[in-house]
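Trainee: Starting off with a structure, shown below.
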Amino acid sequence: MLTYSEIMVRYGELSTKGKNRMRFINKLKRNIQHVLSIYPDVHVTADRDRCHVYLHGTDYQPVAESLKQIFGIQAFSPVYKLEKDVEVLKKAVQEIMTDLYHEGLTFKIASKRSDHNFELDSRDLNHTLGDAVFDVLPNIQAQMKKPDVTLKVEIREEAAYISHEEIRGAGGLPVGTSGKGMLMLSGGIDSPVAGYLALKRGVDIEAVHFASPPYTSPGALKKAQDLTRKLTKFGGNIQFIEVPFTEIQEEIKAKAPEAYLMTLTRRFMMRITDRIREVRDGLVIINGESLGQVASQTLESMQAINAVTSTPVIRPVVTMDKLEIIEIAEKIDTFNISIQPFEDCCTIFAPDRPKTNPKIKNVEQYEKRLDVEGLVERAVAGIMITEITPQAEQDEVEDLIEDLL
Ligand code: ATP
Ligand code: MG
C-alpha cells in the first residue's frame, strides 16, 4: 500500500509581496508548525516556492484538515515519495489509478525531470507510465485537455514524487504578516467571528478578556479561553490576556447614574485595551460590535465609547446581520461554545434601559466622580497572560474520550 509521505504547500497572496516574501514565508512556516504541533512526528520546512510538510508516518487526513484552515495557503497536494526506478513508478501509477478508477474516468500523466541523468526523459516517462496504466485498466481513457485525474510525476535528485490531487487552502494572509492587534473577546458570538476575520487578513491577535469575579464565574473565563483556542487553528498560538474588572464595575455602579453605566463601562474597556496594546506593541483594536444590535452599538454609543482613543478600531462584523455572523460562527466551530450560558461582565449590572444616545458632555461629567487614571492603571497592572496553543485543544479531546471510557 502506498502512503503519502509529504504535503506540498503552495503560497497564497504573498507571492505578490516582492522583497517581503521571505518574511511572509517564515511567518507562514511558523504558523503551520504551531498548528501542526498536535502531530508530534510532522516536520515542516519552507523554501521560496513551496512549503513541505513531512508526515513521517502521521495520517494524512487529519493533517490535511488542519492545513485547510491555515491562512496564507492557496493550495496543497499530498505527495508520494518513491524510489527513482521505472518499475517502482509503474507499479505506483497502476496502484493509484486502480484505486481512483470508475467507468468513464479520464487521465493523463504529466512528468517532469529535474534529474537529467534519469534513464527516461519526461516524454518517454509519460508513455511508459501511461502504458502501465492501460495494462491494468484497459478501458480507461487518456485525455490531454482537462482530464479528471492528472498524475504529476517529478524526478528529482533525491527521489521521485507523484501527486494527483490539489486541495484548496483557506487563502487570506499568514497570521502576523499584518502586525498585531488586540481583540476584545467576550464570551459572545460576535467577537470570536471578528477575531477570525482579522486573522484572515494576517493580523496577529491577542485576546483581551474582561472578567469581574465573583460576579463572573470561572466558567465564563474558561469559555473565553476555549473560544481563543478555537481561533488558534487558523494561524497558531494566541496570547490570552485576562483583565481584572471588578473594582471598576463596582465603582461605576456606586457613583454613576444607571443609564450611563454601559457607556462608562465600555469606555473603561476601551482605555484599558488601548493601554495594553501600547505596552505590547499592538497597532489596532478589534471588537465584535455590529451596528444596531444592542444599545452600546448605536452610532452615538460607538462615538461616545470610541472617543477615549485615537487608535484605529477595526470592527469586522459591523455591517453584518446576526444570522450572517452566526453562519460564520458555526463554520469556525465557535457557536456552540458562545451559546453556553455564562454571564459576561457587561451583563451583570446591566441597566434595563441603557442610553442609546449618550452625550459625551454628560459622560465626561460622570467620569469626574471616578479616579479614571488610577482605576485603569490598577487593572492594567493586574492582567494575567496565558499562551493558548492548539495542543491544549487536542488534550481536551483526549480527556473527553478518557471520561467516556
Ligand atoms: P459578543 O457577541 O462579541 O459578546 P455582543 O453583540 O454581545 O458581542 P456586546 O456584549 O455589547 O455585544 O459587546 C460588544 C463588543 O465589546 C464585543 O464584541 C467585544 O468585542 C467587546 N466586549 C464585550 N464584553 C467583553 C468582555 N468581557 N471582554 C472583552 N471584550 C468584551
Ligand atoms: Mg456579548
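Identifiers in the C-alpha cells: chain A, B, ... in order shown; residue index from 1 per chain; ligand index from 1 in order shown.
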Please identify all protein, DNA and RNA residues within 6 Å of ligand 1, counting only C-alpha atoms and all ligand atoms, and report them as number ranges by chain.

Mentor: A: 184-191, 208-211, 287-289, 296, 344-346

Trainee: Considering only C-alpha atoms, return as a list in words whatever protein or nucleic-acid residues lie within 10 Å of His102 in chain A, sequence-local ones (same chain, fewer than 5 positions apart) excluded.

Mentor: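 Contacts, in chain order: Met97, Asn139 and Ile140 of chain A.
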
Trainee: Quick one: write out the picked residues with C-alpha atoms as a compact mmCIF listing (two decimals), in the first residue's frame?

Mentor:
# COMPACT_ATOMS: atom_id res chain seq x y z
CA MET A 97 -5.19 4.67 -10.85
CA ASN A 139 -10.89 0.77 -20.54
CA ILE A 140 -9.53 3.95 -19.00

Trainee: So that I can check the surroundings of Ile73 in chain A, please list as a ChimeraX atom specification every protein, DNA and RNA residue that reaches within 9 Å of it, counting only C-alpha atoms and ignoring chain neighbours fewer than 6 positions away.

Mentor: /A:9-13,28,67,168-174

Trainee: Identify which of the residues A:Asp59, A:Ala220, A:Lys368, A:Asn306 lies closest to ligand 2, counting only C-alpha atoms and all ligand atoms when measuring atom-to-atom distances.

Mentor: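 Answer, going by the shortest atom-to-atom distance: A:Ala220.
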
Trainee: What lies within 10 Å of Glu83 in chain A using only C-alpha atoms, ignoring chain neighbours under 6 positions off, as a list in words?

Mentor: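 Result of the neighbour search: Leu89, Ile155, Glu158, Ala159, Ala160 and Tyr161 of chain A.
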
Trainee: With distances taken over only C-alpha atoms and all ligand atoms, which residue among A:Val363, A:Leu375, A:Val317, A:Val294 lies nearest ligand 2?

Mentor: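 Using only C-alpha atoms and all ligand atoms, ligand 2 sits closest to A:Val294.
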
Trainee: I need the residue nearest Ile167 in chain A from this list: A:Phe245, A:Tyr54, A:Phe234, A:Phe76. Use only C-alpha atoms for the distance.

Mentor: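 For Ile167 in chain A, the nearest of the given residues is A:Phe76.
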
Trainee: Mind checking which residues fall within 7 Å of range 353-355 of chain A, counting only C-alpha atoms, ignoring those fewer than 5 positions away in the same chain, and posting them as a count of residues only?

Mentor: 4

Trainee: In terms of the shortest atom-to-atom distance over only C-alpha atoms and all ligand atoms, which of A:Asn126, A:Ser290, A:Gln143, A:Ser114 is closest to ligand 2?

Mentor: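 Using only C-alpha atoms and all ligand atoms, ligand 2 sits closest to A:Ser290.
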
Trainee: Quick one: DSSP strand (DSSP E) residues in range 232-347 of chain A, as JSON, numbers by chain?

Mentor: {"A": [238, 239, 240, 241, 242, 243, 244, 284, 285, 286, 313, 314]}

Trainee: Of the residues A:Ile70, A:Ala110, A:Ile162, A:Ala224, which is the one nearest to ligand 2, using only C-alpha atoms and all ligand atoms?

Mentor: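 Closest to ligand 2, using only C-alpha atoms and all ligand atoms: A:Ala224.
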
Trainee: List every residue of range 157-299 of chain A that DSSP, applied to the backbone of this structure, assigns to alpha helix (DSSP H), and report them as JSON, numbers by chain.

Mentor: {"A": [190, 191, 192, 193, 194, 195, 196, 197, 198, 199, 200, 218, 219, 220, 221, 222, 223, 224, 225, 226, 227, 228, 229, 230, 231, 246, 247, 248, 249, 250, 251, 252, 253, 254, 255, 261, 262, 263, 264, 265, 266, 267, 268, 269, 270, 271, 272, 273, 274, 275, 276, 277, 278, 279, 299]}

Trainee: Tell me, as a ChimeraX atom specification, which residues lie within 12 Å of Val53 in chain A, counting only C-alpha atoms; anything in the same chain fewer than 2 positions away does not count.

Mentor: /A:4-10,29-30,32-33,35-37,39,41-47,50-51,55-58,60,63-64,66-67,76-79

Trainee: Keeping only C-alpha atoms, write the selected residues to a file as an mmCIF file, in the first residue's frame.

Mentor:
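Contents of selection-v9.cif, as written:
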data_model
loop_
_atom_site.group_PDB
_atom_site.id
_atom_site.type_symbol
_atom_site.label_atom_id
_atom_site.label_comp_id
_atom_site.auth_asym_id
_atom_site.auth_seq_id
_atom_site.Cartn_x
_atom_site.Cartn_y
_atom_site.Cartn_z
ATOM 1 C CA TYR A 4 1.599 9.821 1.421
ATOM 2 C CA SER A 5 4.995 10.917 2.626
ATOM 3 C CA GLU A 6 4.602 14.669 2.477
ATOM 4 C CA ILE A 7 2.284 17.516 1.601
ATOM 5 C CA MET A 8 3.437 20.253 -0.738
ATOM 6 C CA VAL A 9 2.007 23.636 0.151
ATOM 7 C CA ARG A 10 1.606 26.480 -2.309
ATOM 8 C CA LYS A 29 6.077 28.261 8.207
ATOM 9 C CA ARG A 30 5.997 29.109 11.906
ATOM 10 C CA ILE A 32 1.992 25.850 10.185
ATOM 11 C CA GLN A 33 4.425 24.475 12.769
ATOM 12 C CA VAL A 35 -0.967 24.461 14.215
ATOM 13 C CA LEU A 36 0.550 21.089 13.348
ATOM 14 C CA SER A 37 2.319 20.806 16.711
ATOM 15 C CA TYR A 39 1.100 15.913 15.402
ATOM 16 C CA ASP A 41 6.077 13.436 14.095
ATOM 17 C CA VAL A 42 5.235 16.016 11.448
ATOM 18 C CA HIS A 43 8.133 18.169 10.269
ATOM 19 C CA VAL A 44 7.758 21.421 8.338
ATOM 20 C CA THR A 45 10.280 23.156 6.060
ATOM 21 C CA ALA A 46 9.899 26.053 3.640
ATOM 22 C CA ASP A 47 11.708 27.490 0.653
ATOM 23 C CA ARG A 50 6.904 25.824 -1.551
ATOM 24 C CA CYS A 51 6.459 24.676 1.965
ATOM 25 C CA LEU A 55 4.322 13.296 7.562
ATOM 26 C CA HIS A 56 6.789 10.687 8.897
ATOM 27 C CA GLY A 57 4.042 8.128 9.246
ATOM 28 C CA THR A 58 1.330 10.500 10.522
ATOM 29 C CA TYR A 60 -2.624 12.293 6.018
ATOM 30 C CA VAL A 63 -3.203 16.878 8.872
ATOM 31 C CA ALA A 64 -4.948 17.921 5.647
ATOM 32 C CA SER A 66 -5.692 21.229 9.804
ATOM 33 C CA LEU A 67 -3.899 22.666 6.758
ATOM 34 C CA PHE A 76 -1.687 21.953 -1.236
ATOM 35 C CA SER A 77 -1.071 18.492 -2.646
ATOM 36 C CA PRO A 78 -0.361 15.223 -0.894
ATOM 37 C CA VAL A 79 2.662 13.530 -2.409
#

Trainee: Nearest to Ile385 in chain A: which of A:Gln74, A:Thr177, A:Gln239, A:Thr106 is it, counting only C-alpha atoms?

Mentor: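 Among the listed residues, the smallest separation from Ile385 in chain A belongs to A:Gln239.
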